[in-house]
Amino acid sequence: MRLYWIVPLFILAACQSEPQVTTEPEAETEYVRSQSAEDAVVYIITPEDGDVVQSGIVNVKFGLFGMGVAPAGIEFPNSGHHHLLVNPADAPAMDMPIPTDSVHIHFGLGQTETTLELSPGTYTLQLLLGDYSHTPHDPPVMSEPVTITVE
């Protein structure tokens with residue numbers, strides 16, 4: 001038995017439906033911040049504050065105490081993944097996902113180190129732990145800034 005008559009019924013039903021008109025603006029997404037562990041500390045192992053690097057290749061190793069590392073998208077208590085801030089003008093909003101750009105570098109696979117290629121100059125590096133949705137924890141787990149010079 002062939003059902004050729006079903007397709008025209010779906011088309012007819014689709015044509016008769018009223019278009020949906022939204023008069024109210026969409027509500028902004030509210031992000032629920034994950035709680036951080038009370039003793040959580042994130043820090044930069046290398047380079048150290050004040051280091052002078054002779055080439056533009058800078059190896060950055062991340063440290064974390066009191067919490068675990070989990071990839072983005074994996075919701076697990078007391079865990080998160082690293083975001084490296086390079087020369088941030090200001091701290092990102094703490095109640096929204098951390099932006100992705102040249103200043104806010106995401107390590108959503110759970111990486112704990114990276115290599116940066118930097119031109120000569122002075123750089124401030126800082127780590128910020130983000131939860132499964134890239135949103136900073138409550139309270140935020142943020143390292144002390146490390147300033148380096150690349151010659």
# chains A, B, ... in the order shown; residues from 1 in each chain; ligands from 1

call {"tool": "select_by_dssp", "arguments": {"residues": "segment 4-151 of chain A", "states": "alpha helix (DSSP H)", "output": "MDAnalysis selection string"}}
result
chainID A and resid 6:16

call {"tool": "select_by_dssp", "arguments": {"residues": "chain A", "states": "strand (DSSP E)", "output": "CSV table (one decimal) with N, CA, C and O atoms, in the first residue's frame"}}
result
chain,number,residue,atom,x,y,z
A,41,VAL,N,43.2,27.1,44.0
A,41,VAL,CA,44.2,28.1,43.6
A,41,VAL,C,44.6,27.7,42.2
A,41,VAL,O,45.0,26.5,42.0
A,42,VAL,N,44.7,28.6,41.2
A,42,VAL,CA,45.2,28.4,39.9
A,42,VAL,C,46.4,29.3,39.8
A,42,VAL,O,46.4,30.4,40.4
A,43,TYR,N,47.5,28.8,39.2
A,43,TYR,CA,48.7,29.6,39.1
A,43,TYR,C,49.5,29.2,37.9
A,43,TYR,O,49.3,28.2,37.3
A,44,ILE,N,50.4,30.1,37.5
A,44,ILE,CA,51.3,29.9,36.4
A,44,ILE,C,52.6,29.4,36.9
A,44,ILE,O,53.3,30.0,37.7
A,45,ILE,N,53.0,28.1,36.5
A,45,ILE,CA,54.2,27.5,37.0
A,45,ILE,C,55.4,28.2,36.3
A,45,ILE,O,56.4,28.6,36.9
A,46,THR,N,55.4,28.2,35.0
A,46,THR,CA,56.4,28.9,34.2
A,46,THR,C,55.7,29.7,33.1
A,46,THR,O,54.6,29.2,32.6
A,52,VAL,N,62.7,37.3,31.6
A,52,VAL,CA,63.1,37.9,30.3
A,52,VAL,C,63.3,36.7,29.4
A,52,VAL,O,64.1,35.8,29.6
A,53,VAL,N,62.5,36.6,28.3
A,53,VAL,CA,62.6,35.5,27.3
A,53,VAL,C,63.4,36.0,26.1
A,53,VAL,O,63.0,37.1,25.5
A,57,ILE,N,59.3,32.4,21.6
A,57,ILE,CA,58.7,31.2,22.0
A,57,ILE,C,58.6,31.1,23.5
A,57,ILE,O,59.6,31.1,24.2
A,58,VAL,N,57.4,31.1,24.0
A,58,VAL,CA,57.2,31.1,25.5
A,58,VAL,C,56.4,29.9,25.9
A,58,VAL,O,55.3,29.7,25.4
A,59,ASN,N,57.0,29.0,26.7
A,59,ASN,CA,56.3,27.9,27.2
A,59,ASN,C,55.6,28.3,28.5
A,59,ASN,O,56.2,28.8,29.4
A,60,VAL,N,54.3,28.0,28.6
A,60,VAL,CA,53.5,28.4,29.7
A,60,VAL,C,52.9,27.1,30.3
A,60,VAL,O,52.2,26.4,29.6
A,61,LYS,N,53.2,26.9,31.6
A,61,LYS,CA,52.7,25.7,32.3
A,61,LYS,C,51.7,26.2,33.4
A,61,LYS,O,52.0,27.1,34.1
A,62,PHE,N,50.6,25.5,33.4
A,62,PHE,CA,49.5,25.9,34.3
A,62,PHE,C,49.5,25.0,35.6
A,62,PHE,O,49.7,23.8,35.5
A,63,GLY,N,49.2,25.6,36.7
A,63,GLY,CA,49.1,24.8,37.9
A,63,GLY,C,47.7,25.0,38.5
A,63,GLY,O,47.1,26.1,38.4
A,64,LEU,N,47.2,24.0,39.2
A,64,LEU,CA,45.9,24.1,39.8
A,64,LEU,C,45.9,23.2,41.1
A,64,LEU,O,46.3,22.1,41.1
A,65,PHE,N,45.4,23.8,42.2
A,65,PHE,CA,45.3,23.2,43.5
A,65,PHE,C,43.9,23.2,44.0
A,65,PHE,O,43.3,24.3,43.9
A,68,GLY,N,39.9,19.9,40.1
A,68,GLY,CA,40.4,19.1,39.0
A,68,GLY,C,40.2,19.8,37.7
A,68,GLY,O,39.4,20.7,37.5
A,69,VAL,N,40.9,19.2,36.7
A,69,VAL,CA,40.7,19.7,35.3
A,69,VAL,C,39.8,18.8,34.6
A,69,VAL,O,39.9,17.6,34.6
A,79,SER,N,35.6,21.2,39.3
A,79,SER,CA,36.4,21.0,38.2
A,79,SER,C,36.2,22.2,37.2
A,79,SER,O,35.2,22.9,37.2
A,80,GLY,N,37.1,22.3,36.2
A,80,GLY,CA,37.0,23.3,35.2
A,80,GLY,C,38.2,23.2,34.2
A,80,GLY,O,38.9,22.2,34.3
A,81,HIS,N,38.3,24.1,33.3
A,81,HIS,CA,39.4,24.1,32.4
A,81,HIS,C,40.0,25.5,32.3
A,81,HIS,O,39.4,26.5,32.7
A,82,HIS,N,41.2,25.6,31.9
A,82,HIS,CA,42.0,26.8,31.9
A,82,HIS,C,41.7,27.8,30.7
A,82,HIS,O,41.3,27.3,29.6
A,83,HIS,N,41.8,29.0,31.0
A,83,HIS,CA,41.7,30.1,30.1
A,83,HIS,C,42.9,31.0,30.4
A,83,HIS,O,43.1,31.4,31.5
A,84,LEU,N,43.7,31.3,29.4
A,84,LEU,CA,44.9,32.1,29.5
A,84,LEU,C,44.6,33.5,29.0
A,84,LEU,O,44.2,33.6,27.8
A,85,LEU,N,44.7,34.5,29.8
A,85,LEU,CA,44.5,35.9,29.4
A,85,LEU,C,45.9,36.5,29.1
A,85,LEU,O,46.8,36.5,30.0
A,86,VAL,N,46.0,37.0,27.9
A,86,VAL,CA,47.3,37.6,27.5
A,86,VAL,C,47.0,39.1,27.3
A,86,VAL,O,46.2,39.5,26.5
A,104,HIS,N,41.8,36.1,25.2
A,104,HIS,CA,41.2,35.1,26.1
A,104,HIS,C,41.4,33.7,25.3
A,104,HIS,O,40.6,33.4,24.5
A,105,ILE,N,42.4,33.0,25.7
A,105,ILE,CA,42.7,31.7,25.0
A,105,ILE,C,42.2,30.6,25.8
A,105,ILE,O,42.5,30.4,26.9
A,106,HIS,N,41.3,29.8,25.1
A,106,HIS,CA,40.6,28.7,25.8
A,106,HIS,C,41.4,27.4,25.7
A,106,HIS,O,42.0,27.1,24.6
A,113,GLU,N,49.2,23.1,29.6
A,113,GLU,CA,50.4,23.9,29.2
A,113,GLU,C,50.2,24.3,27.7
A,113,GLU,O,49.3,23.7,27.0
A,114,THR,N,50.9,25.3,27.3
A,114,THR,CA,50.9,25.8,25.9
A,114,THR,C,52.2,26.4,25.5
A,114,THR,O,53.0,26.7,26.4
A,115,THR,N,52.4,26.6,24.3
A,115,THR,CA,53.5,27.4,23.8
A,115,THR,C,52.9,28.6,23.0
A,115,THR,O,52.1,28.4,22.1
A,116,LEU,N,53.4,29.8,23.4
A,116,LEU,CA,53.0,31.0,22.7
A,116,LEU,C,54.1,31.5,21.9
A,116,LEU,O,55.3,31.4,22.2
A,117,GLU,N,53.8,32.1,20.7
A,117,GLU,CA,54.7,32.8,19.9
A,117,GLU,C,54.4,34.3,20.0
A,117,GLU,O,53.4,34.8,19.6
A,121,GLY,N,58.4,42.5,23.4
A,121,GLY,CA,57.5,43.4,24.2
A,121,GLY,C,57.3,42.9,25.6
A,121,GLY,O,57.9,41.9,26.0
A,122,THR,N,56.4,43.6,26.3
A,122,THR,CA,56.1,43.2,27.7
A,122,THR,C,54.7,42.6,27.6
A,122,THR,O,53.8,43.2,27.0
A,123,TYR,N,54.5,41.5,28.3
A,123,TYR,CA,53.2,40.8,28.3
A,123,TYR,C,52.8,40.5,29.8
A,123,TYR,O,53.7,40.1,30.6
A,124,THR,N,51.6,40.6,30.0
A,124,THR,CA,51.0,40.1,31.3
A,124,THR,C,50.1,38.9,31.0
A,124,THR,O,49.3,38.9,30.1
A,125,LEU,N,50.4,37.8,31.7
A,125,LEU,CA,49.7,36.5,31.6
A,125,LEU,C,48.9,36.2,32.8
A,125,LEU,O,49.5,36.5,33.9
A,126,GLN,N,47.7,35.7,32.7
A,126,GLN,CA,46.9,35.4,33.9
A,126,GLN,C,46.0,34.2,33.5
A,126,GLN,O,45.5,34.2,32.4
A,127,LEU,N,45.8,33.3,34.4
A,127,LEU,CA,44.9,32.2,34.2
A,127,LEU,C,43.6,32.4,34.9
A,127,LEU,O,43.5,33.0,36.0
A,128,LEU,N,42.5,32.0,34.3
A,128,LEU,CA,41.2,32.0,34.8
A,128,LEU,C,40.5,30.7,34.6
A,128,LEU,O,40.4,30.3,33.4
A,129,LEU,N,40.1,30.0,35.6
A,129,LEU,CA,39.4,28.7,35.5
A,129,LEU,C,38.0,28.9,35.1
A,129,LEU,O,37.3,29.8,35.6
A,130,GLY,N,37.5,28.2,34.1
A,130,GLY,CA,36.1,28.3,33.7
A,130,GLY,C,35.5,26.9,33.9
A,130,GLY,O,36.2,25.9,33.8
A,146,VAL,N,51.3,37.4,35.8
A,146,VAL,CA,52.8,37.2,35.6
A,146,VAL,C,53.2,38.1,34.5
A,146,VAL,O,52.6,38.0,33.4
A,147,THR,N,54.2,39.0,34.7
A,147,THR,CA,54.6,39.9,33.7
A,147,THR,C,56.0,39.4,33.2
A,147,THR,O,56.9,39.1,34.0
A,148,ILE,N,56.1,39.3,31.8
A,148,ILE,CA,57.3,38.8,31.2
A,148,ILE,C,57.7,39.8,30.1
A,148,ILE,O,56.9,40.6,29.6
A,149,THR,N,59.0,39.8,29.8
A,149,THR,CA,59.5,40.6,28.7
A,149,THR,C,60.1,39.7,27.6
A,149,THR,O,60.9,38.8,28.0
A,150,VAL,N,59.7,39.8,26.4
A,150,VAL,CA,60.2,39.1,25.3
A,150,VAL,C,61.2,40.0,24.5
A,150,VAL,O,60.8,41.1,24.1

call {"tool": "residues_around", "arguments": {"residues": "His137 of chain A", "least_positions_apart": "3", "cutoff": "7 Å", "atoms": "only C-alpha atoms", "output": "list in words"}}
result
Arg33, Ser34, Gln35, Ser36, Gly130, Asp131, Pro140 and Val141 of chain A

call {"tool": "atom_distance", "arguments": {"atom1": "atom CA of Pro71 of chain A", "atom2": "atom CA of Ala93 of chain A"}}
result
20.9 Å
